[in-house]
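One file, model_12.tsv, is given below (TSV, C-alpha atoms).
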```tsv
chain	number	residue	atom	x	y	z
A	1	MET	CA	0.00	0.00	0.00
A	2	THR	CA	2.95	2.22	0.56
A	3	TYR	CA	4.03	1.72	-2.98
A	4	GLY	CA	0.59	2.62	-4.24
A	5	ALA	CA	0.59	5.90	-2.39
A	6	VAL	CA	4.07	6.77	-3.73
A	7	ALA	CA	2.90	5.99	-7.25
A	8	LEU	CA	-0.11	8.21	-6.94
A	9	VAL	CA	1.91	11.15	-5.62
A	10	SER	CA	4.42	10.70	-8.41
A	11	LEU	CA	1.67	10.79	-10.95
A	12	PHE	CA	0.39	14.14	-9.65
A	13	VAL	CA	3.91	15.64	-9.59
A	14	GLY	CA	4.47	14.53	-13.17
A	15	VAL	CA	1.23	16.07	-14.35
A	16	GLY	CA	2.16	19.33	-12.66
A	17	ILE	CA	5.60	19.42	-14.32
A	18	GLY	CA	4.11	18.57	-17.68
A	19	ALA	CA	1.63	21.36	-17.46
A	20	GLY	CA	4.37	23.86	-16.58
A	21	SER	CA	6.66	22.95	-19.50
A	22	GLY	CA	3.90	23.42	-22.07
A	23	SER	CA	3.38	27.02	-21.12
A	24	ALA	CA	6.96	27.99	-22.02
A	25	ASP	CA	6.37	26.60	-25.48
A	26	THR	CA	3.26	28.67	-25.87
A	27	VAL	CA	5.02	31.85	-24.86
A	28	GLU	CA	7.70	31.27	-27.44
A	29	LYS	CA	5.19	30.79	-30.22
A	30	THR	CA	3.15	33.88	-29.37
A	31	ALA	CA	6.26	36.06	-29.22
A	32	ASP	CA	6.79	35.57	-32.94
A	33	THR	CA	3.33	36.69	-33.89
A	34	LYS	CA	1.66	39.96	-33.09
A	35	ALA	CA	-0.70	39.75	-30.19
A	36	ALA	CA	-4.30	40.68	-30.94
A	37	PRO	CA	-5.74	43.47	-28.81
A	38	ARG	CA	-7.81	42.25	-25.96
A	39	PRO	CA	-11.29	43.66	-25.52
A	40	THR	CA	-11.86	45.71	-22.42
A	41	VAL	CA	-15.04	45.09	-20.49
A	42	THR	CA	-16.18	47.77	-18.06
A	43	VAL	CA	-18.84	46.90	-15.56
A	44	THR	CA	-20.66	49.84	-14.02
A	45	GLU	CA	-22.64	49.16	-10.93
A	46	THR	CA	-25.33	51.55	-9.89
A	47	ALA	CA	-25.78	51.69	-6.22
A	48	GLU	CA	-29.25	52.68	-5.15
A	49	ALA	CA	-29.06	55.04	-2.27
A	50	GLU	CA	-31.38	54.20	0.50
A	51	ALA	CA	-33.91	56.94	1.02
A	52	PRO	CA	-34.01	58.23	4.53
A	53	GLU	CA	-37.07	57.20	6.43
A	54	PRO	CA	-39.71	59.95	6.49
A	55	ALA	CA	-40.36	61.66	9.74
A	56	PRO	CA	-43.45	60.35	11.50
A	57	THR	CA	-46.64	62.32	10.91
A	58	VAL	CA	-48.28	63.71	14.00
A	59	THR	CA	-51.97	64.53	13.76
A	60	GLU	CA	-53.75	66.40	16.48
A	61	THR	CA	-57.54	66.57	16.56
A	62	VAL	CA	-59.18	69.41	18.41
A	63	THR	CA	-62.92	69.16	18.97
A	64	GLU	CA	-64.86	72.25	19.92
A	65	THR	CA	-68.62	72.46	20.20
A	66	VAL	CA	-70.17	75.65	18.89
A	67	THR	CA	-73.86	76.33	19.27
A	68	ALA	CA	-75.22	78.61	16.59
A	69	GLU	CA	-78.12	80.78	17.55
A	70	PRO	CA	-80.53	81.39	14.68
A	71	LYS	CA	-81.23	84.99	13.87
A	72	LYS	CA	-84.66	86.11	14.79
A	73	THR	CA	-86.50	86.87	11.63
A	74	ARG	CA	-89.73	88.63	11.17
A	75	LYS	CA	-92.40	86.85	9.29
A	76	PRO	CA	-92.68	88.37	5.89
A	77	GLY	CA	-95.70	90.56	6.15
A	78	PRO	CA	-97.68	92.36	3.54
A	79	ALA	CA	-95.66	94.44	1.09
A	80	THR	CA	-95.24	98.19	1.49
A	81	THR	CA	-94.34	98.78	-2.17
A	82	PHE	CA	-95.91	97.08	-5.16
A	83	SER	CA	-96.27	97.21	-8.92
A	84	GLY	CA	-98.64	99.61	-10.68
A	85	GLU	CA	-100.28	96.60	-12.40
A	86	GLY	CA	-102.45	94.12	-10.53
A	87	GLU	CA	-105.10	93.41	-7.91
A	88	TYR	CA	-104.14	93.20	-4.23
A	89	LEU	CA	-105.96	92.25	-1.02
A	90	VAL	CA	-105.16	94.92	1.58
A	91	GLY	CA	-103.86	93.40	4.82
A	92	GLU	CA	-102.75	90.19	3.08
A	93	ASP	CA	-100.94	91.16	-0.14
A	94	ILE	CA	-100.20	94.76	0.79
A	95	LYS	CA	-100.15	96.54	4.12
A	96	ALA	CA	-102.98	98.94	4.98
A	97	GLY	CA	-102.07	102.64	4.90
A	98	THR	CA	-101.62	105.62	2.61
A	99	TYR	CA	-99.81	105.00	-0.69
A	100	LYS	CA	-98.36	107.32	-3.33
A	101	THR	CA	-97.51	106.87	-7.02
A	102	ALA	CA	-95.59	109.15	-9.37
A	103	GLY	CA	-98.43	108.75	-11.88
A	104	PRO	CA	-98.97	106.98	-15.19
A	105	GLU	CA	-96.26	104.89	-16.88
A	106	ASP	CA	-97.25	106.12	-20.34
A	107	GLU	CA	-99.68	108.47	-22.12
A	108	TRP	CA	-102.64	106.14	-21.54
A	109	GLY	CA	-102.99	107.19	-17.91
A	110	CYS	CA	-103.11	105.51	-14.53
A	111	TYR	CA	-106.29	103.90	-13.14
A	112	TRP	CA	-106.79	102.75	-9.56
A	113	GLU	CA	-109.80	101.33	-7.73
A	114	ARG	CA	-110.72	100.44	-4.14
A	115	ALA	CA	-113.30	97.64	-3.99
A	116	LYS	CA	-115.15	95.76	-1.25
A	117	ASP	CA	-114.62	92.38	-3.01
A	118	ALA	CA	-112.88	90.82	-6.00
A	119	SER	CA	-116.10	90.22	-8.00
A	120	GLY	CA	-115.36	92.93	-10.56
A	121	GLU	CA	-118.99	94.10	-10.37
A	122	PHE	CA	-119.76	97.81	-10.59
A	123	ASP	CA	-121.50	97.70	-7.18
A	124	SER	CA	-118.30	96.46	-5.46
A	125	ILE	CA	-116.36	99.68	-6.26
A	126	ILE	CA	-115.86	101.90	-3.19
A	127	THR	CA	-113.98	104.62	-5.08
A	128	ASN	CA	-111.71	104.93	-8.13
A	129	ASN	CA	-109.76	107.50	-10.14
A	130	ASN	CA	-107.84	108.10	-13.36
A	131	LEU	CA	-104.56	109.94	-12.74
A	132	THR	CA	-102.67	112.14	-15.18
A	133	GLY	CA	-100.01	113.00	-12.57
A	134	GLN	CA	-99.00	111.79	-9.14
A	135	GLY	CA	-101.65	110.51	-6.77
A	136	ARG	CA	-102.40	109.20	-3.28
A	137	VAL	CA	-104.88	106.72	-1.90
A	138	LYS	CA	-105.72	105.45	1.61
A	139	LEU	CA	-106.25	101.67	1.73
A	140	ASN	CA	-108.05	99.86	4.56
A	141	SER	CA	-107.58	96.25	5.59
A	142	GLY	CA	-110.02	93.85	3.87
A	143	GLU	CA	-110.44	96.01	0.74
A	144	TYR	CA	-109.26	95.07	-2.74
A	145	PHE	CA	-107.00	97.51	-4.59
A	146	LYS	CA	-106.79	97.35	-8.38
A	147	THR	CA	-104.25	99.37	-10.35
A	148	ASN	CA	-103.49	99.60	-14.05
A	149	GLY	CA	-100.88	101.63	-16.00
A	150	CYS	CA	-99.41	103.26	-12.88
A	151	GLN	CA	-95.84	103.52	-11.71
A	152	GLU	CA	-94.86	101.70	-8.49
A	153	TRP	CA	-96.94	102.43	-5.40
A	154	LYS	CA	-95.05	103.17	-2.14
A	155	ARG	CA	-96.46	103.33	1.38
A	156	ILE	CA	-95.97	106.76	2.93
A	157	GLY	CA	-98.06	106.44	6.08
```
Turn this file's structure into structure tokens for me.
Amino acid sequence: MTYGAVALVSLFVGVGIGAGSGSADTVEKTADTKAAPRPTVTVTETAEAEAPEPAPTVTETVTETVTAEPKKTRKPGPATTFSGEGEYLVGEDIKAGTYKTAGPEDEWGCYWERAKDASGEFDSIITNNNLTGQGRVKLNSGEYFKTNGCQEWKRIG
């Protein structure tokens, strides 16, 4: 067994010597010929920088109870100004009182009428007038007031 181990070691030493002598031969042969340029390979590595961790977000909730008081509003009552065209119930549509108009809107004149009801009958007329200039009328609650061709009526008292 000793001889077998010596033989095996000798074999490896011989292989190593044989490999070394062949390289001298190769150098000699390549010295006679021009050496081809060797390609250069450049490897660029991109290092990704680690982003810093964001600062923690702090949220603060503040709760405050606010009680809103509604504004006191007056109920819309009857109007104190109104158009010179139409029929109005005094006390409901328009407020009772004395009203004034600047007169007719055009050359056809301004007609107004106080009536005890809305029937349109001749007997329901309390009083009426055709104006060519400014005019006034006192209206009482419960009456009907009809106006035609007049400028706006405004309450003055």
Given all atoms listed in the file as the basis, pick out the residue of A:Ala79, A:Ala55, A:Ile156, A:Val43 nearest to A:Lys95.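 Looking at the shortest contact to A:Lys95, the residue is A:Ala79.
What separates atom CA of A:Lys72 from atom CA of A:Tyr88 is a distance of 28.1 Å.
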Within 6 Å of file point (-108.3, 101.4, 6.1), counting all atoms listed in the file, expressed as a PyMOL selection string: chain A and resi 96+139-141
Interatomic distance (Å, one decimal) between atom CA of A:Asn129 and atom CA of A:Gly84: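 Answer for the atom CA of A:Asn129 to atom CA of A:Gly84 separation: 13.6 Å.
Between atom CA of A:Ala115 and atom CA of A:Phe145 the interatomic distance comes to 6.3 Å.
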Which of these residues is nearest to A:Tyr111, using all atoms listed in the file: A:Thr57, A:Thr73, A:Thr44, A:Thr132?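 Checking each candidate against A:Tyr111, we get A:Thr132 as the closest.
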Using only C-alpha atoms, which protein or nucleic acid residues come within 6 Å of A:Glu113? Drop anything in the same chain fewer than 3 positions from it, and give the result as a ChimeraX atom specification. /A:127-128,145-146
Hey, can you spit out that residue selection with C-alpha atoms as a PDB file, in the frame of the given file?
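Below is the file that was written, out-v2.pdb:
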```pdb
ATOM      1  CA  THR A 127    -113.980 104.620  -5.080  1.00  0.00           C
ATOM      2  CA  ASN A 128    -111.710 104.930  -8.130  1.00  0.00           C
ATOM      3  CA  PHE A 145    -107.000  97.510  -4.590  1.00  0.00           C
ATOM      4  CA  LYS A 146    -106.790  97.350  -8.380  1.00  0.00           C
TER       5      LYS A 146
END
```
Which residues are near A:Ile125? Cut-off 10 Å, only C-alpha atoms, ignore same chain within fewer than 5 positions. Put them as a PyMOL selection string. chain A and resi 113-120+143-145
Between A:Lys71, A:Val62, A:Phe122, A:Gly149, which one has atoms that come closest to A:Pro104, using all atoms listed in the file? A:Gly149
Which residue gives the smallest distance to A:Lys138 among A:Pro52, A:Gly103, A:Gly97, A:Gly157, with all atoms listed in the file counted?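 Looking at the shortest contact to A:Lys138, the residue is A:Gly97.
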I want to know what sits within 7 Å of A:Gln134, based on all atoms listed in the file, with residues of the same chain fewer than 2 positions away left out; could you give that as an MDAnalysis selection string? chainID A and resid 101:103 131
How would stretch 97-108 of chain A look with all heavy atoms restored, written as a compact mmCIF listing (two decimals), keeping the file's coordinate frame?
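Output file rebuild01.txt follows:
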```txt
# COMPACT_ATOMS: atom_id res chain seq x y z
N GLY A 97 -102.70 101.34 4.70
CA GLY A 97 -102.07 102.64 4.90
C GLY A 97 -102.26 103.54 3.70
O GLY A 97 -103.02 103.23 2.79
N THR A 98 -101.53 104.66 3.71
CA THR A 98 -101.62 105.62 2.61
C THR A 98 -100.47 105.36 1.65
O THR A 98 -99.32 105.23 2.05
CB THR A 98 -101.54 107.06 3.14
OG1 THR A 98 -102.60 107.24 4.10
CG2 THR A 98 -101.68 108.07 2.03
N TYR A 99 -100.80 105.30 0.35
CA TYR A 99 -99.81 105.00 -0.69
C TYR A 99 -99.76 106.15 -1.70
O TYR A 99 -100.74 106.87 -1.91
CB TYR A 99 -100.18 103.70 -1.42
CG TYR A 99 -99.90 102.48 -0.58
CD1 TYR A 99 -100.82 102.05 0.37
CD2 TYR A 99 -98.72 101.78 -0.73
CE1 TYR A 99 -100.56 100.93 1.15
CE2 TYR A 99 -98.45 100.66 0.05
CZ TYR A 99 -99.37 100.24 0.99
OH TYR A 99 -99.10 99.15 1.76
N LYS A 100 -98.58 106.25 -2.35
CA LYS A 100 -98.36 107.32 -3.33
C LYS A 100 -97.73 106.71 -4.58
O LYS A 100 -96.93 105.79 -4.49
CB LYS A 100 -97.41 108.36 -2.71
CG LYS A 100 -97.08 109.51 -3.63
CD LYS A 100 -96.14 110.49 -2.93
CE LYS A 100 -95.78 111.62 -3.85
NZ LYS A 100 -94.86 112.57 -3.22
N THR A 101 -98.13 107.25 -5.75
CA THR A 101 -97.51 106.87 -7.02
C THR A 101 -97.08 108.14 -7.74
O THR A 101 -97.66 109.22 -7.54
CB THR A 101 -98.47 106.05 -7.91
OG1 THR A 101 -97.77 105.65 -9.11
CG2 THR A 101 -99.70 106.81 -8.30
N ALA A 102 -96.07 108.01 -8.58
CA ALA A 102 -95.59 109.15 -9.37
C ALA A 102 -96.52 109.41 -10.55
O ALA A 102 -96.38 110.42 -11.23
CB ALA A 102 -94.17 108.90 -9.86
N GLY A 103 -97.47 108.52 -10.81
CA GLY A 103 -98.43 108.75 -11.88
C GLY A 103 -98.38 107.67 -12.93
O GLY A 103 -97.90 106.56 -12.69
N PRO A 104 -98.88 107.99 -14.12
CA PRO A 104 -98.97 106.98 -15.19
C PRO A 104 -97.59 106.61 -15.74
O PRO A 104 -96.66 107.40 -15.73
CB PRO A 104 -99.82 107.66 -16.27
CG PRO A 104 -99.81 109.10 -15.96
CD PRO A 104 -99.47 109.26 -14.52
N GLU A 105 -97.50 105.36 -16.24
CA GLU A 105 -96.26 104.89 -16.88
C GLU A 105 -96.16 105.40 -18.32
O GLU A 105 -95.07 105.53 -18.84
CB GLU A 105 -96.22 103.35 -16.89
CG GLU A 105 -95.86 102.77 -15.55
CD GLU A 105 -95.57 101.28 -15.64
OE1 GLU A 105 -96.20 100.57 -16.46
OE2 GLU A 105 -94.71 100.84 -14.89
N ASP A 106 -97.28 105.65 -18.95
CA ASP A 106 -97.25 106.12 -20.34
C ASP A 106 -98.41 107.11 -20.56
O ASP A 106 -99.08 107.51 -19.62
CB ASP A 106 -97.34 104.93 -21.31
CG ASP A 106 -98.53 104.03 -21.05
OD1 ASP A 106 -99.59 104.53 -20.62
OD2 ASP A 106 -98.41 102.80 -21.25
N GLU A 107 -98.66 107.45 -21.81
CA GLU A 107 -99.68 108.47 -22.12
C GLU A 107 -101.10 107.96 -21.94
O GLU A 107 -102.05 108.73 -22.03
CB GLU A 107 -99.48 108.98 -23.56
CG GLU A 107 -99.78 107.98 -24.65
CD GLU A 107 -98.61 107.04 -25.00
OE1 GLU A 107 -97.51 107.18 -24.44
OE2 GLU A 107 -98.81 106.17 -25.83
N TRP A 108 -101.30 106.70 -21.66
CA TRP A 108 -102.64 106.14 -21.54
C TRP A 108 -103.25 106.41 -20.16
O TRP A 108 -104.42 106.17 -19.94
CB TRP A 108 -102.63 104.64 -21.82
CG TRP A 108 -102.21 104.34 -23.22
CD1 TRP A 108 -101.02 103.89 -23.63
CD2 TRP A 108 -102.99 104.53 -24.39
NE1 TRP A 108 -100.99 103.76 -24.99
CE2 TRP A 108 -102.20 104.16 -25.49
CE3 TRP A 108 -104.30 104.99 -24.65
CZ2 TRP A 108 -102.66 104.22 -26.81
CZ3 TRP A 108 -104.74 105.03 -25.96
CH2 TRP A 108 -103.92 104.66 -27.01
```
